[in-house]
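Structure file input_3.cif (mmCIF, C-alpha atoms) follows.
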data_entry
loop_
_atom_site.group_PDB
_atom_site.id
_atom_site.type_symbol
_atom_site.label_atom_id
_atom_site.label_comp_id
_atom_site.auth_asym_id
_atom_site.auth_seq_id
_atom_site.Cartn_x
_atom_site.Cartn_y
_atom_site.Cartn_z
ATOM 1 C CA MET H 29 2.098 -20.080 -65.702
ATOM 2 C CA THR H 30 -1.574 -20.914 -66.210
ATOM 3 C CA THR H 31 -3.606 -20.710 -63.029
ATOM 4 C CA LYS H 32 -7.142 -21.352 -61.840
ATOM 5 C CA ASN H 33 -9.193 -20.219 -58.862
ATOM 6 C CA LEU H 34 -10.731 -22.591 -56.315
ATOM 7 C CA PRO H 35 -13.121 -21.906 -53.442
ATOM 8 C CA ILE H 36 -11.764 -22.164 -49.926
ATOM 9 C CA TYR H 37 -13.420 -22.044 -46.516
ATOM 10 C CA GLN H 38 -11.957 -21.817 -43.032
ATOM 11 C CA ILE H 39 -14.129 -23.330 -40.323
ATOM 12 C CA ASP H 40 -13.736 -23.360 -36.541
ATOM 13 C CA ALA H 41 -14.691 -26.955 -35.743
ATOM 14 C CA PHE H 42 -15.828 -28.429 -32.421
ATOM 15 C CA SER H 43 -16.938 -24.977 -31.330
ATOM 16 C CA ASP H 44 -20.152 -22.942 -31.317
ATOM 17 C CA MET H 45 -18.247 -19.650 -31.406
ATOM 18 C CA LEU H 46 -15.536 -18.035 -33.495
ATOM 19 C CA PHE H 47 -11.882 -18.152 -32.461
ATOM 20 C CA ALA H 48 -12.297 -21.393 -30.511
ATOM 21 C CA GLY H 49 -12.183 -25.086 -31.312
ATOM 22 C CA ASN H 50 -9.937 -26.224 -34.146
ATOM 23 C CA PRO H 51 -9.627 -24.249 -37.388
ATOM 24 C CA ALA H 52 -9.562 -26.266 -40.607
ATOM 25 C CA ALA H 53 -9.351 -25.221 -44.235
ATOM 26 C CA VAL H 54 -11.767 -26.879 -46.657
ATOM 27 C CA VAL H 55 -11.238 -26.914 -50.435
ATOM 28 C CA PRO H 56 -14.108 -28.455 -52.447
ATOM 29 C CA LEU H 57 -12.922 -29.872 -55.786
ATOM 30 C CA SER H 58 -14.598 -31.162 -58.928
ATOM 31 C CA ALA H 59 -11.552 -33.380 -59.628
ATOM 32 C CA TRP H 60 -8.381 -34.176 -57.714
ATOM 33 C CA LEU H 61 -5.362 -31.912 -57.880
ATOM 34 C CA SER H 62 -1.933 -33.504 -57.800
ATOM 35 C CA ASP H 63 -0.732 -34.662 -54.389
ATOM 36 C CA ASP H 64 2.094 -32.140 -54.614
ATOM 37 C CA VAL H 65 -0.251 -29.201 -55.169
ATOM 38 C CA MET H 66 -2.600 -30.292 -52.354
ATOM 39 C CA GLN H 67 0.362 -30.603 -49.999
ATOM 40 C CA LYS H 68 1.577 -27.141 -50.973
ATOM 41 C CA ILE H 69 -1.886 -25.660 -50.396
ATOM 42 C CA ALA H 70 -1.919 -27.212 -46.924
ATOM 43 C CA MET H 71 1.561 -25.849 -46.255
ATOM 44 C CA GLU H 72 0.472 -22.392 -47.436
ATOM 45 C CA ASN H 73 -2.638 -22.503 -45.224
ATOM 46 C CA ASN H 74 -0.452 -23.477 -42.248
ATOM 47 C CA LEU H 75 -3.388 -24.916 -40.288
ATOM 48 C CA SER H 76 -3.312 -28.287 -38.580
ATOM 49 C CA GLU H 77 -5.336 -29.752 -41.457
ATOM 50 C CA THR H 78 -6.647 -28.842 -44.875
ATOM 51 C CA ALA H 79 -9.410 -31.089 -46.234
ATOM 52 C CA PHE H 80 -10.085 -31.713 -49.921
ATOM 53 C CA PHE H 81 -13.098 -33.569 -51.251
ATOM 54 C CA VAL H 82 -14.526 -34.493 -54.649
ATOM 55 C CA PRO H 83 -18.043 -35.702 -55.432
ATOM 56 C CA ILE H 84 -18.528 -39.355 -56.313
ATOM 57 C CA ASP H 85 -20.480 -39.482 -59.543
ATOM 58 C CA GLY H 86 -22.437 -42.648 -58.783
ATOM 59 C CA ASP H 87 -20.572 -44.949 -61.166
ATOM 60 C CA GLY H 88 -21.203 -48.042 -59.070
ATOM 61 C CA ASP H 89 -20.263 -46.642 -55.644
ATOM 62 C CA ASP H 90 -23.522 -46.149 -53.746
ATOM 63 C CA GLU H 91 -21.848 -46.128 -50.314
ATOM 64 C CA ALA H 92 -20.523 -42.567 -50.407
ATOM 65 C CA ASP H 93 -21.273 -39.086 -51.703
ATOM 66 C CA PHE H 94 -17.730 -37.679 -51.613
ATOM 67 C CA HIS H 95 -14.139 -38.855 -51.448
ATOM 68 C CA ILE H 96 -12.169 -36.935 -48.777
ATOM 69 C CA ARG H 97 -8.457 -36.487 -48.022
ATOM 70 C CA TRP H 98 -6.624 -34.523 -45.308
ATOM 71 C CA PHE H 99 -3.190 -32.857 -45.267
ATOM 72 C CA THR H 100 -1.193 -31.288 -42.446
ATOM 73 C CA PRO H 101 1.390 -28.672 -43.507
ATOM 74 C CA THR H 102 3.882 -31.510 -44.086
ATOM 75 C CA VAL H 103 2.088 -34.854 -44.671
ATOM 76 C CA GLU H 104 -1.163 -36.509 -45.698
ATOM 77 C CA VAL H 105 -2.932 -38.240 -42.796
ATOM 78 C CA PRO H 106 -5.303 -41.241 -42.928
ATOM 79 C CA LEU H 107 -7.980 -39.819 -40.611
ATOM 80 C CA CYS H 108 -8.982 -36.395 -39.319
ATOM 81 C CA GLY H 109 -12.085 -35.586 -37.318
ATOM 82 C CA HIS H 110 -12.205 -31.805 -37.099
ATOM 83 C CA ALA H 111 -11.529 -31.288 -40.819
ATOM 84 C CA THR H 112 -14.280 -33.820 -41.627
ATOM 85 C CA LEU H 113 -16.638 -31.911 -39.341
ATOM 86 C CA ALA H 114 -15.590 -28.708 -41.117
ATOM 87 C CA SER H 115 -16.120 -30.297 -44.555
ATOM 88 C CA SER H 116 -19.566 -31.531 -43.523
ATOM 89 C CA PHE H 117 -20.452 -28.051 -42.291
ATOM 90 C CA VAL H 118 -19.462 -26.584 -45.672
ATOM 91 C CA ILE H 119 -21.427 -29.231 -47.580
ATOM 92 C CA PHE H 120 -24.548 -28.741 -45.461
ATOM 93 C CA ASN H 121 -24.427 -24.948 -45.152
ATOM 94 C CA GLN H 122 -22.544 -23.595 -48.179
ATOM 95 C CA LEU H 123 -22.979 -26.063 -51.054
ATOM 96 C CA GLY H 124 -26.724 -26.667 -50.965
ATOM 97 C CA PHE H 125 -26.491 -30.384 -50.157
ATOM 98 C CA SER H 126 -29.944 -31.905 -49.688
ATOM 99 C CA GLY H 127 -30.529 -34.197 -46.757
ATOM 100 C CA ASP H 128 -29.081 -34.521 -43.268
ATOM 101 C CA LEU H 129 -26.517 -37.293 -43.883
ATOM 102 C CA VAL H 130 -23.322 -37.028 -45.924
ATOM 103 C CA ARG H 131 -21.084 -40.053 -46.561
ATOM 104 C CA PHE H 132 -17.348 -39.862 -47.228
ATOM 105 C CA GLN H 133 -15.058 -42.430 -48.770
ATOM 106 C CA SER H 134 -11.617 -42.179 -47.160
ATOM 107 C CA LYS H 135 -8.381 -44.009 -46.416
ATOM 108 C CA SER H 136 -10.046 -45.055 -43.152
ATOM 109 C CA GLY H 137 -13.142 -46.478 -44.845
ATOM 110 C CA ILE H 138 -16.621 -44.983 -45.034
ATOM 111 C CA LEU H 139 -17.227 -42.066 -42.667
ATOM 112 C CA THR H 140 -20.569 -40.382 -42.151
ATOM 113 C CA ALA H 141 -21.688 -37.016 -40.827
ATOM 114 C CA ARG H 142 -25.273 -36.460 -39.709
ATOM 115 C CA ARG H 143 -26.800 -33.069 -39.078
ATOM 116 C CA GLU H 144 -28.475 -32.958 -35.655
ATOM 117 C CA GLY H 145 -29.867 -29.504 -34.948
ATOM 118 C CA ASP H 146 -26.929 -27.098 -34.817
ATOM 119 C CA ALA H 147 -24.515 -29.975 -34.241
ATOM 120 C CA ILE H 148 -22.997 -32.601 -36.532
ATOM 121 C CA VAL H 149 -22.414 -36.197 -35.429
ATOM 122 C CA LEU H 150 -19.475 -38.002 -37.041
ATOM 123 C CA ASP H 151 -19.373 -41.813 -37.283
ATOM 124 C CA PHE H 152 -15.695 -42.806 -37.123
ATOM 125 C CA PRO H 153 -13.756 -46.042 -36.614
ATOM 126 C CA LYS H 154 -12.696 -46.866 -33.065
ATOM 127 C CA GLN H 155 -8.907 -46.778 -32.688
ATOM 128 C CA GLN H 156 -7.504 -49.852 -30.929
ATOM 129 C CA ILE H 157 -4.642 -49.378 -28.475
ATOM 130 C CA VAL H 158 -2.111 -51.910 -27.232
ATOM 131 C CA ALA H 159 0.098 -51.732 -24.139
ATOM 132 C CA GLN H 160 3.463 -50.402 -25.224
ATOM 133 C CA PRO H 161 6.392 -48.738 -23.456
ATOM 134 C CA VAL H 162 7.141 -45.100 -24.204
ATOM 135 C CA PRO H 163 10.818 -44.020 -24.282
ATOM 136 C CA ASP H 164 12.133 -42.299 -21.167
ATOM 137 C CA THR H 165 13.179 -39.366 -23.348
ATOM 138 C CA VAL H 166 9.537 -38.801 -24.288
ATOM 139 C CA ILE H 167 8.355 -38.981 -20.662
ATOM 140 C CA ALA H 168 11.051 -36.453 -19.748
ATOM 141 C CA ALA H 169 10.022 -34.203 -22.673
ATOM 142 C CA LEU H 170 6.446 -34.272 -21.355
ATOM 143 C CA GLY H 171 7.606 -32.947 -17.994
ATOM 144 C CA GLY H 172 8.783 -36.055 -16.193
ATOM 145 C CA ALA H 173 5.578 -37.039 -14.360
ATOM 146 C CA THR H 174 5.152 -40.804 -14.032
ATOM 147 C CA PRO H 175 2.310 -42.170 -16.175
ATOM 148 C CA VAL H 176 -0.015 -44.897 -14.944
ATOM 149 C CA GLU H 177 -0.199 -46.607 -18.354
ATOM 150 C CA THR H 178 1.277 -46.203 -21.826
ATOM 151 C CA PHE H 179 0.013 -47.500 -25.152
ATOM 152 C CA GLY H 180 0.499 -47.438 -28.884
ATOM 153 C CA VAL H 181 -2.314 -46.929 -31.390
ATOM 154 C CA LYS H 182 -2.662 -50.232 -33.213
ATOM 155 C CA SER H 183 -4.037 -48.868 -36.476
ATOM 156 C CA ARG H 184 -1.560 -45.972 -36.565
ATOM 157 C CA ASP H 185 1.668 -47.278 -35.099
ATOM 158 C CA THR H 186 3.154 -43.810 -35.203
ATOM 159 C CA ASP H 187 1.200 -42.567 -32.174
ATOM 160 C CA MET H 188 1.911 -43.022 -28.463
ATOM 161 C CA VAL H 189 -0.669 -42.700 -25.684
ATOM 162 C CA VAL H 190 0.397 -41.658 -22.178
ATOM 163 C CA VAL H 191 -2.169 -41.904 -19.348
ATOM 164 C CA TYR H 192 -1.845 -39.914 -16.111
ATOM 165 C CA ASP H 193 -3.917 -40.024 -12.925
ATOM 166 C CA ASN H 194 -4.299 -36.261 -12.572
ATOM 167 C CA ALA H 195 -5.834 -33.828 -15.065
ATOM 168 C CA THR H 196 -3.646 -31.001 -13.769
ATOM 169 C CA ILE H 197 -0.578 -32.764 -15.169
ATOM 170 C CA VAL H 198 -2.191 -32.759 -18.610
ATOM 171 C CA ARG H 199 -3.565 -29.216 -18.390
ATOM 172 C CA GLU H 200 -0.283 -27.657 -17.227
ATOM 173 C CA MET H 201 2.021 -29.718 -19.446
ATOM 174 C CA ASN H 202 4.599 -27.699 -21.390
ATOM 175 C CA PRO H 203 6.408 -30.271 -23.531
ATOM 176 C CA ASP H 204 9.850 -29.899 -25.015
ATOM 177 C CA MET H 205 8.763 -29.792 -28.648
ATOM 178 C CA SER H 206 12.347 -30.010 -29.883
ATOM 179 C CA ILE H 207 12.513 -33.546 -28.451
ATOM 180 C CA LEU H 208 9.063 -34.600 -29.673
ATOM 181 C CA ALA H 209 9.887 -33.248 -33.139
ATOM 182 C CA LYS H 210 12.584 -35.918 -33.454
ATOM 183 C CA LEU H 211 10.103 -38.794 -33.173
ATOM 184 C CA ALA H 212 9.970 -39.419 -36.950
ATOM 185 C CA ASP H 213 6.276 -38.913 -37.698
ATOM 186 C CA ARG H 214 5.159 -39.954 -34.207
ATOM 187 C CA GLY H 215 2.516 -38.051 -32.264
ATOM 188 C CA VAL H 216 1.937 -38.183 -28.501
ATOM 189 C CA ILE H 217 -1.518 -38.256 -26.896
ATOM 190 C CA VAL H 218 -1.720 -37.482 -23.175
ATOM 191 C CA THR H 219 -4.894 -38.077 -21.181
ATOM 192 C CA ALA H 220 -6.205 -38.170 -17.611
ATOM 193 C CA PRO H 221 -9.557 -38.471 -15.778
ATOM 194 C CA GLY H 222 -11.866 -35.469 -15.985
ATOM 195 C CA ASP H 223 -11.590 -32.884 -13.231
ATOM 196 C CA LYS H 224 -14.796 -30.899 -13.684
ATOM 197 C CA THR H 225 -18.497 -31.734 -13.529
ATOM 198 C CA GLY H 226 -19.624 -33.217 -16.826
ATOM 199 C CA LEU H 227 -16.112 -34.038 -18.046
ATOM 200 C CA ASP H 228 -14.971 -37.669 -18.094
ATOM 201 C CA MET H 229 -11.505 -37.114 -19.557
ATOM 202 C CA VAL H 230 -8.968 -34.389 -20.295
ATOM 203 C CA SER H 231 -6.566 -34.893 -23.173
ATOM 204 C CA ARG H 232 -4.031 -33.175 -25.433
ATOM 205 C CA TYR H 233 -2.282 -34.173 -28.661
ATOM 206 C CA PHE H 234 1.278 -33.164 -29.574
ATOM 207 C CA LEU H 235 2.690 -33.887 -33.030
ATOM 208 C CA PRO H 236 5.517 -31.523 -33.975
ATOM 209 C CA ALA H 237 7.066 -34.270 -36.119
ATOM 210 C CA LEU H 238 4.029 -33.894 -38.417
ATOM 211 C CA GLY H 239 4.247 -30.116 -38.615
ATOM 212 C CA ILE H 240 1.862 -29.314 -35.719
ATOM 213 C CA ASP H 241 3.145 -28.623 -32.212
ATOM 214 C CA GLU H 242 -0.301 -29.156 -30.657
ATOM 215 C CA ASP H 243 -3.604 -29.898 -32.341
ATOM 216 C CA PRO H 244 -6.329 -27.738 -30.731
ATOM 217 C CA VAL H 245 -9.273 -30.195 -30.869
ATOM 218 C CA THR H 246 -8.905 -33.627 -32.448
ATOM 219 C CA GLY H 247 -11.654 -36.001 -33.573
ATOM 220 C CA TYR H 248 -9.209 -38.824 -34.300
ATOM 221 C CA MET H 249 -7.682 -38.532 -30.818
ATOM 222 C CA HIS H 250 -11.106 -38.936 -29.226
ATOM 223 C CA CYS H 251 -11.519 -42.171 -31.186
ATOM 224 C CA VAL H 252 -8.470 -43.309 -29.185
ATOM 225 C CA VAL H 253 -9.227 -41.971 -25.706
ATOM 226 C CA ALA H 254 -13.040 -42.271 -25.636
ATOM 227 C CA PRO H 255 -13.051 -46.108 -25.839
ATOM 228 C CA TYR H 256 -10.337 -46.257 -23.145
ATOM 229 C CA TRP H 257 -12.272 -44.087 -20.680
ATOM 230 C CA ALA H 258 -15.642 -45.623 -21.607
ATOM 231 C CA ASP H 259 -14.211 -49.008 -20.664
ATOM 232 C CA LYS H 260 -12.734 -47.632 -17.427
ATOM 233 C CA LEU H 261 -16.005 -45.987 -16.448
ATOM 234 C CA GLY H 262 -18.251 -48.826 -17.570
ATOM 235 C CA ARG H 263 -20.463 -46.840 -19.934
ATOM 236 C CA ASP H 264 -20.620 -46.071 -23.628
ATOM 237 C CA GLU H 265 -21.032 -42.266 -23.521
ATOM 238 C CA VAL H 266 -18.219 -40.002 -22.325
ATOM 239 C CA VAL H 267 -17.403 -36.323 -22.653
ATOM 240 C CA GLY H 268 -13.872 -35.124 -23.280
ATOM 241 C CA HIS H 269 -12.182 -31.761 -22.970
ATOM 242 C CA GLN H 270 -9.150 -31.149 -25.157
ATOM 243 C CA ALA H 271 -7.121 -28.797 -23.005
ATOM 244 C CA SER H 272 -5.216 -26.885 -25.679
ATOM 245 C CA ALA H 273 -5.009 -23.085 -25.667
ATOM 246 C CA ARG H 274 -8.140 -22.867 -27.860
ATOM 247 C CA GLY H 275 -9.806 -25.867 -26.243
ATOM 248 C CA GLY H 276 -12.928 -27.776 -27.112
ATOM 249 C CA VAL H 277 -15.451 -30.269 -25.756
ATOM 250 C CA VAL H 278 -16.307 -33.443 -27.685
ATOM 251 C CA THR H 279 -19.256 -35.656 -26.773
ATOM 252 C CA CYS H 280 -18.433 -39.270 -27.626
ATOM 253 C CA LYS H 281 -20.499 -42.439 -27.849
ATOM 254 C CA VAL H 282 -18.750 -45.782 -28.315
ATOM 255 C CA SER H 283 -20.804 -48.241 -30.349
ATOM 256 C CA GLY H 284 -19.016 -51.499 -31.119
ATOM 257 C CA ASP H 285 -16.077 -50.719 -33.364
ATOM 258 C CA ARG H 286 -17.300 -47.164 -34.049
ATOM 259 C CA VAL H 287 -17.177 -43.887 -32.144
ATOM 260 C CA HIS H 288 -19.759 -41.129 -32.649
ATOM 261 C CA LEU H 289 -18.310 -37.657 -32.157
ATOM 262 C CA LYS H 290 -20.693 -34.729 -31.706
ATOM 263 C CA GLY H 291 -19.741 -31.106 -32.156
ATOM 264 C CA GLU H 292 -20.651 -27.789 -33.726
ATOM 265 C CA ALA H 293 -18.811 -25.611 -36.233
ATOM 266 C CA VAL H 294 -18.839 -21.990 -37.394
ATOM 267 C CA LEU H 295 -17.747 -20.262 -40.595
ATOM 268 C CA TYR H 296 -14.776 -17.908 -40.254
ATOM 269 C CA LEU H 297 -13.719 -17.312 -43.862
ATOM 270 C CA LYS H 298 -14.719 -18.039 -47.431
ATOM 271 C CA GLY H 299 -12.881 -16.963 -50.521
ATOM 272 C CA GLU H 300 -10.743 -18.141 -53.414
ATOM 273 C CA ILE H 301 -7.233 -19.442 -53.819
ATOM 274 C CA THR H 302 -5.130 -19.359 -56.994
ATOM 275 C CA VAL H 303 -3.317 -22.562 -57.933
ATOM 276 C CA PRO H 304 -1.530 -23.940 -61.010
ATOM 277 C CA ALA H 305 -4.003 -25.118 -63.664
#

Target encoding structure tokens, full file:
Amino acid sequence: MTTKNLPIYQIDAFSDMLFAGNPAAVVPLSAWLSDDVMQKIAMENNLSETAFFVPIDGDGDDEADFHIRWFTPTVEVPLCGHATLASSFVIFNQLGFSGDLVRFQSKSGILTARREGDAIVLDFPKQQIVAQPVPDTVIAALGGATPVETFGVKSRDTDMVVVYDNATIVREMNPDMSILAKLADRGVIVTAPGDKTGLDMVSRYFLPALGIDEDPVTGYMHCVVAPYWADKLGRDEVVGHQASARGGVVTCKVSGDRVHLKGEAVLYLKGEITVPA
């Protein structure tokens, strides 16, 4: 079998230190691999997401610099924040990209990442939610506490949102993943008011049906919960803590139909992978 080598990076995103935040693999490409090979690379990496991007050569598209795609170990997803942050970090710090703004074409439209000191600010689409019941089996799998509200994500009808009135419920939650894994590509976001100074919300994201029991720190999820809590609190800037084992803090600003997510990233690994040519 003929093979070729490709660069690969592993970045801890939404963190200013190693071994925290959310690890993502980043594979820069000069041209797309087959979907099957990209999915197998993501499965082999066994991280919550692997991002692939290719440069846009300027043949009429002046809105973006790169086209980006994201894969969990089992499926391609339409939007991923931490792997976009990780990709931006690689572009800015490893690939010699000039300038402080990188633009991505994606399945969720144009996304931008702006360098701001040591941080990177992502410009992502706000995720609309609609009131929607959540099955009793899911509430029981989450521990049985009674939520105050439940929603579905309008743009991604596979995700449920469960709101509680106490951050301790979210922090101490130990879901039955065997039940959540049966939800046929559905993820579950749980969120509650912040319980510490400087935190407006505490959230977690479970998605075993997509090959990830719990995502450590999720940009997409904050595009769901930040608008909800910003509306509740009557302001456009909120700070969220994702209370996974690794944990991470995301500063969010809601601006119309967009959400700006600010976070740092650090390099853990760079090397090469061998794939079919």

Practice task
Could you tell me which residues the PyMOL selection byres ((chain H and resi 138) around 12) returns for this structure, as number ranges by chain?
Solution key: H: 89-96, 107, 112, 130-137, 139-141, 150-153, 286

Exercise for the section: Find the spatial neighbours of Asp63 in chain H, counting only C-alpha atoms, within a cut-off of 10 Å - ignore same-chain residues fewer than 5 positions away - and output them as an NGL selection string. Expected result: :H and (68-69 or 99 or 104)

Exercise for the section: Pick out the residues sitting within 12 Å of Lys260 in chain H, and hand them over as a ChimeraX atom specification; count only C-alpha atoms, and ignore anything fewer than 6 positions along from it in its own chain. Expected result: /H:220-221,228-229,253-254,266

Exercise for the section: Would you kindly translate the PyMOL selection byres ((chain H and resi 187-197) around 8) into the concrete residues it picks from this file, as a VMD selection string? Expected result: chain H and resid 162 173 to 181 184 to 186 198 to 201 214 to 223 229 to 230

Per residue of range 135-172 of chain H within 12 Å of range 41-53 of chain H, which atom pair is closest and at what distance in Å (one decimal), using only C-alpha atoms, listed by chain and increasing number, as a Markdown table?
| residue | atom | partner | partner_atom | distance |
| --- | --- | --- | --- | --- |
| H:Asp146 | CA | H:Asp44 | CA | 8.7 |
| H:Ala147 | CA | H:Asp44 | CA | 8.8 |
| H:Ile148 | CA | H:Phe42 | CA | 9.3 |
| H:Val149 | CA | H:Phe42 | CA | 10.6 |
| H:Leu150 | CA | H:Phe42 | CA | 11.2 |

Practice task
Spell out the residues picked by the PyMOL selection byres ((chain H and resi 206) around 10) here, as a ChimeraX atom specification.
Solution key: /H:169,203-205,207-211,236-237,241

Exercise for the section: Would you mind reading off the distance between CA of Leu113 in chain H and CA of Val65 in chain H, one decimal, in Å? Expected result: 22.9 Å

Handout entry: Spatial neighbours of range 75-80 of chain H, max dist 7 Å, only C-alpha atoms, sep filter under 6 positions, as a PyMOL selection string
Key = chain H and resi 51-57+96-101+111+115+240+243

Export C-alpha atoms of the chosen residues as an mmCIF file, in the frame of the given file?
data_model
loop_
_atom_site.group_PDB
_atom_site.id
_atom_site.type_symbol
_atom_site.label_atom_id
_atom_site.label_comp_id
_atom_site.auth_asym_id
_atom_site.auth_seq_id
_atom_site.Cartn_x
_atom_site.Cartn_y
_atom_site.Cartn_z
ATOM 1 C CA PRO H 51 -9.627 -24.249 -37.388
ATOM 2 C CA ALA H 52 -9.562 -26.266 -40.607
ATOM 3 C CA ALA H 53 -9.351 -25.221 -44.235
ATOM 4 C CA VAL H 54 -11.767 -26.879 -46.657
ATOM 5 C CA VAL H 55 -11.238 -26.914 -50.435
ATOM 6 C CA PRO H 56 -14.108 -28.455 -52.447
ATOM 7 C CA LEU H 57 -12.922 -29.872 -55.786
ATOM 8 C CA ILE H 96 -12.169 -36.935 -48.777
ATOM 9 C CA ARG H 97 -8.457 -36.487 -48.022
ATOM 10 C CA TRP H 98 -6.624 -34.523 -45.308
ATOM 11 C CA PHE H 99 -3.190 -32.857 -45.267
ATOM 12 C CA THR H 100 -1.193 -31.288 -42.446
ATOM 13 C CA PRO H 101 1.390 -28.672 -43.507
ATOM 14 C CA ALA H 111 -11.529 -31.288 -40.819
ATOM 15 C CA SER H 115 -16.120 -30.297 -44.555
ATOM 16 C CA ILE H 240 1.862 -29.314 -35.719
ATOM 17 C CA ASP H 243 -3.604 -29.898 -32.341
#

Handout entry: Separation of CA of Val282 in chain H from CA of Gln155 in chain H in Å
Key = 10.8 Å

Handout entry: Nearest to Gly268 in chain H by atom-to-atom distance, counting all atoms listed in the file, from H:Thr302, H:Thr225, H:Ser283, H:Thr31
Key =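 The shortest atom-to-atom distance to Gly268 in chain H comes from H:Thr225.
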
Exercise for the section: Name the closest residue to Ile36 in chain H among the candidates H:Val287, H:Val303, H:Val245, H:Val103; distances are taken between atoms, counting only C-alpha atoms. Expected result: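 Using only C-alpha atoms, the shortest distance to Ile36 in chain H belongs to H:Val303.
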
Problem - Distance criterion (only C-alpha atoms): nearest to Met249 in chain H out of H:Gly109, H:Arg274, H:Glu265, H:Val166 - result: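 When distances to Met249 in chain H are compared using only C-alpha atoms, the smallest one comes from H:Gly109.
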
Practice task
Grab the CA of Arg232 in chain H to CA of Val267 in chain H distance for me, in Å with one decimal place.
Solution key: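 For CA of Arg232 in chain H relative to CA of Val267 in chain H, the distance reads 14.0 Å.
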
Six-sided padding of 5 Å per side, axis-aligned box over range 167-170 of chain H, centre and edges in Å, one decimal, as AutoDock Vina command-line options:
--center_x 8.7 --center_y -36.6 --center_z -21.2 --size_x 14.6 --size_y 14.8 --size_z 12.9

Handout entry: Option closest in space to Val278 in chain H, from H:Lys154, H:Arg142, H:His110, H:Lys32 [counting all atoms listed in the file]
Key =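 Among the listed residues, the smallest separation from Val278 in chain H belongs to H:His110.
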
Practice task
Using all atoms listed in the file, determine which residues lie at most 10 Å from Gln122 in chain H, disregarding the query and same-chain residues fewer than 6 positions distant; provide the list as a list of chain:residue names.
Solution key: H:Tyr37, H:Ser115, H:Ser116, H:Leu295, H:Lys298

Is there a way to complete range 291-295 of chain H with all heavy atoms and then write that out as a PDB file, in the frame of the given file?
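And here is the file that came out, out22.pdb:
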ATOM      1  N   GLY H 291     -20.256 -32.446 -32.356  1.00  0.00           N
ATOM      2  CA  GLY H 291     -19.741 -31.106 -32.156  1.00  0.00           C
ATOM      3  C   GLY H 291     -20.363 -30.122 -33.128  1.00  0.00           C
ATOM      4  O   GLY H 291     -21.005 -30.505 -34.104  1.00  0.00           O
ATOM      5  N   GLU H 292     -20.163 -28.850 -32.854  1.00  0.00           N
ATOM      6  CA  GLU H 292     -20.651 -27.789 -33.726  1.00  0.00           C
ATOM      7  C   GLU H 292     -19.496 -27.170 -34.494  1.00  0.00           C
ATOM      8  O   GLU H 292     -18.317 -27.495 -34.267  1.00  0.00           O
ATOM      9  CB  GLU H 292     -21.399 -26.732 -32.913  1.00  0.00           C
ATOM     10  CG  GLU H 292     -22.662 -27.280 -32.243  1.00  0.00           C
ATOM     11  CD  GLU H 292     -23.469 -26.197 -31.557  1.00  0.00           C
ATOM     12  OE1 GLU H 292     -23.563 -25.062 -32.102  1.00  0.00           O
ATOM     13  OE2 GLU H 292     -24.024 -26.466 -30.470  1.00  0.00           O
ATOM     14  N   ALA H 293     -19.830 -26.283 -35.435  1.00  0.00           N
ATOM     15  CA  ALA H 293     -18.811 -25.611 -36.233  1.00  0.00           C
ATOM     16  C   ALA H 293     -19.348 -24.261 -36.675  1.00  0.00           C
ATOM     17  O   ALA H 293     -20.566 -24.063 -36.766  1.00  0.00           O
ATOM     18  CB  ALA H 293     -18.440 -26.456 -37.445  1.00  0.00           C
ATOM     19  N   VAL H 294     -18.446 -23.323 -36.937  1.00  0.00           N
ATOM     20  CA  VAL H 294     -18.839 -21.990 -37.394  1.00  0.00           C
ATOM     21  C   VAL H 294     -17.927 -21.556 -38.534  1.00  0.00           C
ATOM     22  O   VAL H 294     -16.745 -21.915 -38.585  1.00  0.00           O
ATOM     23  CB  VAL H 294     -18.793 -20.947 -36.251  1.00  0.00           C
ATOM     24  CG1 VAL H 294     -19.876 -21.203 -35.236  1.00  0.00           C
ATOM     25  CG2 VAL H 294     -17.430 -20.935 -35.579  1.00  0.00           C
ATOM     26  N   LEU H 295     -18.496 -20.782 -39.450  1.00  0.00           N
ATOM     27  CA  LEU H 295     -17.747 -20.262 -40.595  1.00  0.00           C
ATOM     28  C   LEU H 295     -16.935 -19.046 -40.179  1.00  0.00           C
ATOM     29  O   LEU H 295     -17.467 -18.100 -39.609  1.00  0.00           O
ATOM     30  CB  LEU H 295     -18.720 -19.882 -41.714  1.00  0.00           C
ATOM     31  CG  LEU H 295     -18.128 -19.162 -42.931  1.00  0.00           C
ATOM     32  CD1 LEU H 295     -17.226 -20.098 -43.726  1.00  0.00           C
ATOM     33  CD2 LEU H 295     -19.244 -18.608 -43.821  1.00  0.00           C
TER      34      LEU H 295
END
